[in-house]
>>> print(open('work_32.cif').read())   # mmCIF, C-alpha atoms and all ligand atoms; chains and numbers go by the auth columns
data_start
loop_
_atom_site.group_PDB
_atom_site.id
_atom_site.type_symbol
_atom_site.label_atom_id
_atom_site.label_comp_id
_atom_site.label_asym_id
_atom_site.label_seq_id
_atom_site.Cartn_x
_atom_site.Cartn_y
_atom_site.Cartn_z
_atom_site.B_iso_or_equiv
_atom_site.auth_seq_id
_atom_site.auth_asym_id
ATOM 1 C CA MET A 1 3.387 -9.915 -10.510 0.00 294 A
ATOM 2 C CA LYS A 2 4.919 -11.727 -7.592 0.00 295 A
ATOM 3 C CA LEU A 3 3.560 -12.971 -4.280 0.00 296 A
ATOM 4 C CA ILE A 4 5.477 -13.301 -1.045 0.00 297 A
ATOM 5 C CA LYS A 5 4.624 -13.872 2.578 0.00 298 A
ATOM 6 C CA GLY A 6 6.437 -11.692 5.100 0.00 299 A
ATOM 7 C CA ASP A 7 7.346 -8.254 6.348 0.00 300 A
ATOM 8 C CA ILE A 8 7.239 -5.492 3.725 0.00 301 A
ATOM 9 C CA THR A 9 9.837 -3.392 5.593 0.00 302 A
ATOM 10 C CA LYS A 10 12.539 -5.948 4.714 0.00 303 A
ATOM 11 C CA LEU A 11 12.164 -5.657 0.943 0.00 304 A
ATOM 12 C CA THR A 12 14.786 -4.162 -1.336 0.00 305 A
ATOM 13 C CA VAL A 13 12.544 -2.636 -3.985 0.00 306 A
ATOM 14 C CA ASP A 14 12.303 0.913 -5.345 0.00 307 A
ATOM 15 C CA ALA A 15 9.114 1.611 -3.390 0.00 308 A
ATOM 16 C CA ILE A 16 7.047 -0.036 -0.706 0.00 309 A
ATOM 17 C CA VAL A 17 3.453 1.050 -0.245 0.00 310 A
ATOM 18 C CA ASN A 18 2.144 1.954 3.201 0.00 311 A
ATOM 19 C CA ALA A 19 -1.494 1.471 4.231 0.00 312 A
ATOM 20 C CA ALA A 20 -1.519 4.856 5.966 0.00 313 A
ATOM 21 C CA ASN A 21 -4.334 6.909 7.456 0.00 314 A
ATOM 22 C CA THR A 22 -5.505 10.368 6.420 0.00 315 A
ATOM 23 C CA SER A 23 -3.391 12.098 9.097 0.00 316 A
ATOM 24 C CA LEU A 24 -0.130 10.639 7.710 0.00 317 A
ATOM 25 C CA LEU A 25 1.121 10.664 11.294 0.00 318 A
ATOM 26 C CA GLY A 26 1.523 6.917 11.651 0.00 319 A
ATOM 27 C CA GLY A 27 -0.624 4.277 13.283 0.00 320 A
ATOM 28 C CA GLY A 28 -0.819 0.554 13.917 0.00 321 A
ATOM 29 C CA GLY A 29 -0.342 -2.418 11.619 0.00 322 A
ATOM 30 C CA VAL A 30 1.920 -2.039 8.621 0.00 323 A
ATOM 31 C CA ASP A 31 2.006 1.759 9.097 0.00 324 A
ATOM 32 C CA GLY A 32 3.543 1.371 12.566 0.00 325 A
ATOM 33 C CA ALA A 33 6.001 -1.239 11.295 0.00 326 A
ATOM 34 C CA ILE A 34 7.195 1.043 8.447 0.00 327 A
ATOM 35 C CA HIS A 35 7.702 4.094 10.682 0.00 328 A
ATOM 36 C CA ARG A 36 9.468 2.001 13.347 0.00 329 A
ATOM 37 C CA ALA A 37 11.835 0.342 10.910 0.00 330 A
ATOM 38 C CA GLY A 38 12.379 3.404 8.682 0.00 331 A
ATOM 39 C CA GLY A 39 13.074 5.908 11.455 0.00 332 A
ATOM 40 C CA PRO A 40 12.062 9.560 11.904 0.00 333 A
ATOM 41 C CA ALA A 41 12.913 10.769 8.371 0.00 334 A
ATOM 42 C CA ILE A 42 9.655 9.275 7.049 0.00 335 A
ATOM 43 C CA LEU A 43 7.535 11.131 9.605 0.00 336 A
ATOM 44 C CA GLU A 44 9.408 14.371 8.879 0.00 337 A
ATOM 45 C CA ASP A 45 8.499 14.074 5.181 0.00 338 A
ATOM 46 C CA CYS A 46 4.903 13.223 6.119 0.00 339 A
ATOM 47 C CA LYS A 47 4.704 16.352 8.266 0.00 340 A
ATOM 48 C CA ARG A 48 5.970 18.481 5.378 0.00 341 A
ATOM 49 C CA ILE A 49 3.225 17.037 3.172 0.00 342 A
ATOM 50 C CA ARG A 50 0.646 17.726 5.910 0.00 343 A
ATOM 51 C CA ALA A 51 1.805 21.329 6.129 0.00 344 A
ATOM 52 C CA ARG A 52 1.366 21.673 2.376 0.00 345 A
ATOM 53 C CA GLN A 53 -1.899 19.799 1.767 0.00 346 A
ATOM 54 C CA GLY A 54 -3.284 18.770 5.152 0.00 347 A
ATOM 55 C CA GLY A 55 -2.791 15.006 5.024 0.00 348 A
ATOM 56 C CA CYS A 56 -3.960 12.504 2.420 0.00 349 A
ATOM 57 C CA ASN A 57 -7.547 11.757 1.416 0.00 350 A
ATOM 58 C CA VAL A 58 -8.924 8.235 1.222 0.00 351 A
ATOM 59 C CA GLY A 59 -7.999 6.730 -2.153 0.00 352 A
ATOM 60 C CA GLU A 60 -5.105 9.134 -2.736 0.00 353 A
ATOM 61 C CA ALA A 61 -1.343 8.633 -2.383 0.00 354 A
ATOM 62 C CA VAL A 62 1.770 10.617 -1.471 0.00 355 A
ATOM 63 C CA ILE A 63 5.470 9.739 -1.584 0.00 356 A
ATOM 64 C CA THR A 64 8.280 10.132 0.945 0.00 357 A
ATOM 65 C CA THR A 65 11.787 8.942 1.616 0.00 358 A
ATOM 66 C CA ALA A 66 12.118 5.417 2.960 0.00 359 A
ATOM 67 C CA GLY A 67 14.535 6.568 5.676 0.00 360 A
ATOM 68 C CA ASN A 68 16.590 3.632 6.939 0.00 361 A
ATOM 69 C CA LEU A 69 14.630 1.019 5.004 0.00 362 A
ATOM 70 C CA PRO A 70 16.253 -0.865 2.126 0.00 363 A
ATOM 71 C CA ALA A 71 13.603 0.556 -0.247 0.00 364 A
ATOM 72 C CA LYS A 72 14.170 3.992 -1.860 0.00 365 A
ATOM 73 C CA TYR A 73 10.692 5.413 -1.328 0.00 366 A
ATOM 74 C CA VAL A 74 7.542 4.855 0.687 0.00 367 A
ATOM 75 C CA ILE A 75 4.282 5.537 -1.133 0.00 368 A
ATOM 76 C CA HIS A 76 1.624 6.245 1.483 0.00 369 A
ATOM 77 C CA THR A 77 -1.918 5.555 0.399 0.00 370 A
ATOM 78 C CA VAL A 78 -5.097 5.580 2.441 0.00 371 A
ATOM 79 C CA GLY A 79 -7.522 2.723 1.914 0.00 372 A
ATOM 80 C CA PRO A 80 -11.174 2.949 2.943 0.00 373 A
ATOM 81 C CA VAL A 81 -12.538 1.730 6.255 0.00 374 A
ATOM 82 C CA TRP A 82 -15.005 -1.091 5.482 0.00 375 A
ATOM 83 C CA ASN A 83 -18.446 0.137 6.394 0.00 376 A
ATOM 84 C CA GLY A 84 -20.699 -2.563 4.958 0.00 377 A
ATOM 85 C CA GLY A 85 -19.851 -1.936 1.307 0.00 378 A
ATOM 86 C CA LYS A 86 -22.266 0.867 0.472 0.00 379 A
ATOM 87 C CA SER A 87 -19.872 3.766 1.069 0.00 380 A
ATOM 88 C CA SER A 88 -17.872 3.451 -2.181 0.00 381 A
ATOM 89 C CA GLU A 89 -15.353 1.206 -0.434 0.00 382 A
ATOM 90 C CA GLU A 90 -14.598 -0.781 -3.600 0.00 383 A
ATOM 91 C CA SER A 91 -13.917 2.239 -5.804 0.00 384 A
ATOM 92 C CA LEU A 92 -11.865 3.883 -3.055 0.00 385 A
ATOM 93 C CA LEU A 93 -9.695 0.776 -2.680 0.00 386 A
ATOM 94 C CA THR A 94 -9.274 0.671 -6.468 0.00 387 A
ATOM 95 C CA ALA A 95 -8.228 4.342 -6.392 0.00 388 A
ATOM 96 C CA ALA A 96 -5.674 3.656 -3.637 0.00 389 A
ATOM 97 C CA TYR A 97 -3.930 1.057 -5.822 0.00 390 A
ATOM 98 C CA LYS A 98 -4.205 3.147 -9.017 0.00 391 A
ATOM 99 C CA ASN A 99 -2.916 6.362 -7.462 0.00 392 A
ATOM 100 C CA SER A 100 0.013 4.515 -5.866 0.00 393 A
ATOM 101 C CA LEU A 101 0.941 3.082 -9.263 0.00 394 A
ATOM 102 C CA ALA A 102 0.584 6.473 -10.949 0.00 395 A
ATOM 103 C CA LEU A 103 3.022 7.996 -8.428 0.00 396 A
ATOM 104 C CA ALA A 104 5.411 5.121 -9.070 0.00 397 A
ATOM 105 C CA VAL A 105 5.379 5.898 -12.790 0.00 398 A
ATOM 106 C CA GLU A 106 5.944 9.589 -12.081 0.00 399 A
ATOM 107 C CA TYR A 107 9.021 8.766 -9.965 0.00 400 A
ATOM 108 C CA GLU A 108 10.367 6.265 -12.511 0.00 401 A
ATOM 109 C CA ILE A 109 10.061 3.461 -10.008 0.00 402 A
ATOM 110 C CA LYS A 110 10.809 0.049 -11.458 0.00 403 A
ATOM 111 C CA SER A 111 9.750 -2.197 -8.588 0.00 404 A
ATOM 112 C CA ILE A 112 6.960 -1.730 -6.061 0.00 405 A
ATOM 113 C CA ALA A 113 5.568 -3.835 -3.207 0.00 406 A
ATOM 114 C CA PHE A 114 2.016 -3.606 -1.872 0.00 407 A
ATOM 115 C CA PRO A 115 0.652 -4.768 1.487 0.00 408 A
ATOM 116 C CA ASN A 116 -2.971 -5.925 1.654 0.00 409 A
ATOM 117 C CA ILE A 117 -4.407 -2.410 1.987 0.00 410 A
ATOM 118 C CA SER A 118 -7.500 -2.013 4.216 0.00 411 A
ATOM 119 C CA THR A 119 -7.652 -5.684 5.254 0.00 412 A
ATOM 120 C CA GLY A 120 -6.308 -5.160 8.780 0.00 413 A
ATOM 121 C CA ILE A 121 -7.657 -2.533 11.155 0.00 414 A
ATOM 122 C CA TYR A 122 -9.925 -1.216 8.346 0.00 415 A
ATOM 123 C CA ARG A 123 -11.712 -4.624 8.067 0.00 416 A
ATOM 124 C CA PHE A 124 -12.195 -4.763 4.278 0.00 417 A
ATOM 125 C CA PRO A 125 -13.191 -8.367 3.364 0.00 418 A
ATOM 126 C CA LYS A 126 -9.911 -10.028 2.384 0.00 419 A
ATOM 127 C CA GLU A 127 -11.137 -12.011 -0.612 0.00 420 A
ATOM 128 C CA ARG A 128 -12.771 -8.998 -2.267 0.00 421 A
ATOM 129 C CA ALA A 129 -9.784 -6.768 -1.429 0.00 422 A
ATOM 130 C CA ALA A 130 -7.422 -9.265 -3.097 0.00 423 A
ATOM 131 C CA GLU A 131 -9.579 -9.403 -6.238 0.00 424 A
ATOM 132 C CA ILE A 132 -9.565 -5.606 -6.420 0.00 425 A
ATOM 133 C CA ALA A 133 -5.796 -5.405 -5.838 0.00 426 A
ATOM 134 C CA ILE A 134 -4.931 -7.947 -8.530 0.00 427 A
ATOM 135 C CA THR A 135 -7.453 -6.673 -11.103 0.00 428 A
ATOM 136 C CA THR A 136 -6.404 -3.061 -10.608 0.00 429 A
ATOM 137 C CA VAL A 137 -2.679 -3.757 -10.894 0.00 430 A
ATOM 138 C CA LYS A 138 -3.172 -5.976 -13.956 0.00 431 A
ATOM 139 C CA GLY A 139 -5.411 -3.391 -15.609 0.00 432 A
ATOM 140 C CA PHE A 140 -2.986 -0.554 -14.869 0.00 433 A
ATOM 141 C CA LEU A 141 0.027 -2.381 -16.295 0.00 434 A
ATOM 142 C CA HIS A 142 -1.999 -3.348 -19.350 0.00 435 A
ATOM 143 C CA THR A 143 -3.467 0.088 -20.127 0.00 436 A
ATOM 144 C CA THR A 144 -0.383 2.162 -19.381 0.00 437 A
ATOM 145 C CA GLY A 145 2.179 -0.307 -20.710 0.00 438 A
ATOM 146 C CA ALA A 146 4.180 0.548 -17.570 0.00 439 A
ATOM 147 C CA ASP A 147 7.037 -1.843 -17.097 0.00 440 A
ATOM 148 C CA PHE A 148 7.732 -2.571 -13.461 0.00 441 A
ATOM 149 C CA GLY A 149 7.767 -5.447 -11.056 0.00 442 A
ATOM 150 C CA VAL A 150 4.870 -5.597 -8.608 0.00 443 A
ATOM 151 C CA THR A 151 5.090 -7.717 -5.459 0.00 444 A
ATOM 152 C CA PHE A 152 2.081 -8.448 -3.272 0.00 445 A
ATOM 153 C CA VAL A 153 3.260 -8.905 0.296 0.00 446 A
ATOM 154 C CA CYS A 154 0.984 -10.907 2.561 0.00 447 A
ATOM 155 C CA PHE A 155 1.683 -10.790 6.266 0.00 448 A
ATOM 156 C CA ASP A 156 -1.028 -13.153 7.418 0.00 449 A
ATOM 157 C CA GLU A 157 -1.591 -16.700 6.250 0.00 450 A
ATOM 158 C CA GLU A 158 -5.236 -16.066 5.277 0.00 451 A
ATOM 159 C CA ASN A 159 -4.338 -13.317 2.799 0.00 452 A
ATOM 160 C CA TYR A 160 -1.455 -15.394 1.463 0.00 453 A
ATOM 161 C CA ARG A 161 -3.773 -18.340 0.708 0.00 454 A
ATOM 162 C CA ILE A 162 -6.310 -16.061 -0.997 0.00 455 A
ATOM 163 C CA TYR A 163 -3.663 -14.473 -3.227 0.00 456 A
ATOM 164 C CA GLU A 164 -2.142 -17.852 -4.027 0.00 457 A
ATOM 165 C CA THR A 165 -5.497 -19.091 -5.263 0.00 458 A
ATOM 166 C CA LEU A 166 -6.209 -15.971 -7.307 0.00 459 A
ATOM 167 C CA LEU A 167 -2.760 -15.589 -8.858 0.00 460 A
ATOM 168 C CA TYR A 168 -1.738 -19.155 -9.628 0.00 461 A
HETATM 169 P P1 LIG B . -5.485 -0.974 7.249 0.00 1 B
HETATM 170 O O1 LIG B . -5.718 0.079 8.297 0.00 1 B
HETATM 171 O O2 LIG B . -5.388 -0.411 5.846 0.00 1 B
HETATM 172 O O3 LIG B . -6.420 -2.123 7.369 0.00 1 B
HETATM 173 P P2 LIG B . -3.345 -2.535 8.535 0.00 1 B
HETATM 174 O O4 LIG B . -1.922 -2.165 8.679 0.00 1 B
HETATM 175 O O5 LIG B . -4.156 -2.721 9.761 0.00 1 B
HETATM 176 O O6 LIG B . -3.977 -1.438 7.534 0.00 1 B
HETATM 177 O O7 LIG B . -3.459 -3.866 7.693 0.00 1 B
HETATM 178 C C1 LIG B . -3.182 -3.974 6.319 0.00 1 B
HETATM 179 C C2 LIG B . -2.490 -5.286 6.051 0.00 1 B
HETATM 180 O O8 LIG B . -1.114 -5.162 6.397 0.00 1 B
HETATM 181 C C3 LIG B . -3.022 -6.459 6.874 0.00 1 B
HETATM 182 O O9 LIG B . -3.320 -7.529 5.994 0.00 1 B
HETATM 183 C C4 LIG B . -1.863 -6.810 7.815 0.00 1 B
HETATM 184 O O10 LIG B . -1.817 -8.218 8.027 0.00 1 B
HETATM 185 C C5 LIG B . -0.685 -6.351 7.002 0.00 1 B
HETATM 186 N N1 LIG B . 0.580 -6.078 7.733 0.00 1 B
HETATM 187 C C6 LIG B . 0.789 -5.747 9.028 0.00 1 B
HETATM 188 N N2 LIG B . 2.102 -5.590 9.280 0.00 1 B
HETATM 189 C C7 LIG B . 2.756 -5.819 8.095 0.00 1 B
HETATM 190 C C8 LIG B . 4.125 -5.830 7.688 0.00 1 B
HETATM 191 N N3 LIG B . 5.121 -5.550 8.527 0.00 1 B
HETATM 192 N N4 LIG B . 4.403 -6.121 6.382 0.00 1 B
HETATM 193 C C9 LIG B . 3.424 -6.379 5.499 0.00 1 B
HETATM 194 N N5 LIG B . 2.116 -6.394 5.812 0.00 1 B
HETATM 195 C C10 LIG B . 1.782 -6.116 7.112 0.00 1 B
#
>>> encode(input="work_32.cif", output="structure tokens")
Amino acid sequence: MKLIKGDITKLTVDAIVNAANTSLLGGGGVDGAIHRAGGPAILEDCKRIRARQGGCNVGEAVITTAGNLPAKYVIHTVGPVWNGGKSSEESLLTAAYKNSLALAVEYEIKSIAFPNISTGIYRFPKERAAEIAITTVKGFLHTTGADFGVTFVCFDEENYRIYETLLY
């Protein structure tokens, strides 16, 4: 597991993960950055998925092209909105990471990069979100024996410091 600070859209990995919303139609934060940098092909794929299954539920994940991005795929997952902690936010965030990783295995992806899902507009406490992200990824790699590189991409300094402390 690797940690970097920066913009996830710049990474040359097999798949980058998007912190999407249930509509899959794009939004602010990292979602907006991915659609802007990747171009319209990503939204076209998202619309096809919407036509088939009506979006993406919280905790689930879907996969699309990465359009013009250097990555091959975008895995769109929907993290929970933080609502005080009593609305299954922790298990839904865990599911978002797990289901993204399961899709990666299915698509024979060898390298994947995660943003700090739910810690922006969705207001999930950053420290707790980082613990969940790291524990879930570690647990998944351990139980499945899956062999791929996972990069945590922190955009803001606060998340970067938290991950640094937890990982090293
Ligand atoms: P959510 O709605 O799941 O909270 P946001 O996009 O608002 O999603 O925030 C998730 C995280 O993504 C935040 O920690 C934010 O700092 C980070 N972020 C925003 N833009 C980028 C980017 N270009 N690359 C990587 N991370 C980003």
>>> closest_residue(input="work_32.cif", among="A:Lys431, A:Lys295, A:Arg416, A:Arg343", to="ligand LIG 1 (chain B)", atoms="all atoms listed in the file")
A:Arg416
>>> residues_near_point(input="work_32.cif", point="(11.2, -4.3, -17.5)", cutoff="12 Å", atoms="all atoms listed in the file", output="compact mmCIF listing (two decimals) with C-alpha atoms, keeping the file's coordinate frame")
# COMPACT_ATOMS: atom_id res chain seq x y z
CA MET A 294 3.39 -9.91 -10.51
CA GLU A 401 10.37 6.26 -12.51
CA ILE A 402 10.06 3.46 -10.01
CA LYS A 403 10.81 0.05 -11.46
CA SER A 404 9.75 -2.20 -8.59
CA LEU A 434 0.03 -2.38 -16.30
CA GLY A 438 2.18 -0.31 -20.71
CA ALA A 439 4.18 0.55 -17.57
CA ASP A 440 7.04 -1.84 -17.10
CA PHE A 441 7.73 -2.57 -13.46
CA GLY A 442 7.77 -5.45 -11.06
CA VAL A 443 4.87 -5.60 -8.61
>>> axis_aligned_box(input="work_32.cif", around="ligand LIG 1 (chain B)", padding_each_side="8 Å", output="JSON")
{"center_x": -0.6, "center_y": -4.1, "center_z": 7.6, "size_x": 27.5, "size_y": 24.3, "size_z": 20.3}
>>> resolve_selection(input="work_32.cif", expression="the PyMOL selection byres (((chain A and resi 316-322) around 10) and not hetatm)", output="PyMOL selection string")
chain A and resi 311-315+323-329+335-340+342-343+347-350+355+369-371+413-414
>>> resolve_selection(input="work_32.cif", expression="the PyMOL selection byres (((chain A and resi 385-390) around 6) and not hetatm)", output="list of chain:residue names")
A:Gly352, A:Glu353, A:Thr370, A:Gly372, A:Glu382, A:Glu383, A:Ser384, A:Lys391, A:Asn392, A:Ser393
>>> write_last_selection(input="work_32.cif", atoms="C-alpha atoms", output="compact mmCIF listing (two decimals), keeping the file's coordinate frame")
# COMPACT_ATOMS: atom_id res chain seq x y z
CA GLY A 352 -8.00 6.73 -2.15
CA GLU A 353 -5.11 9.13 -2.74
CA THR A 370 -1.92 5.56 0.40
CA GLY A 372 -7.52 2.72 1.91
CA GLU A 382 -15.35 1.21 -0.43
CA GLU A 383 -14.60 -0.78 -3.60
CA SER A 384 -13.92 2.24 -5.80
CA LYS A 391 -4.20 3.15 -9.02
CA ASN A 392 -2.92 6.36 -7.46
CA SER A 393 0.01 4.51 -5.87
>>> closest_residue(input="work_32.cif", among="A:Ala397, A:Val430, A:Ala330, A:Ile368", to="ligand LIG 1 (chain B)", atoms="only C-alpha atoms and all ligand atoms")
A:Ala330
>>> atom_distance(input="work_32.cif", atom1="CA of Arg341 (chain A)", atom2="CA of Thr302 (chain A)")
22.2 Å
>>> closest_residue(input="work_32.cif", among="A:Pro408, A:Pro418, A:Pro363, A:Gly332", to="ligand LIG 1 (chain B)", atoms="only C-alpha atoms and all ligand atoms")
A:Pro408
>>> closest_residue(input="work_32.cif", among="A:Asn452, A:Asn361, A:Thr436, A:Asn376", to="ligand LIG 1 (chain B)", atoms="all atoms listed in the file")
A:Asn452
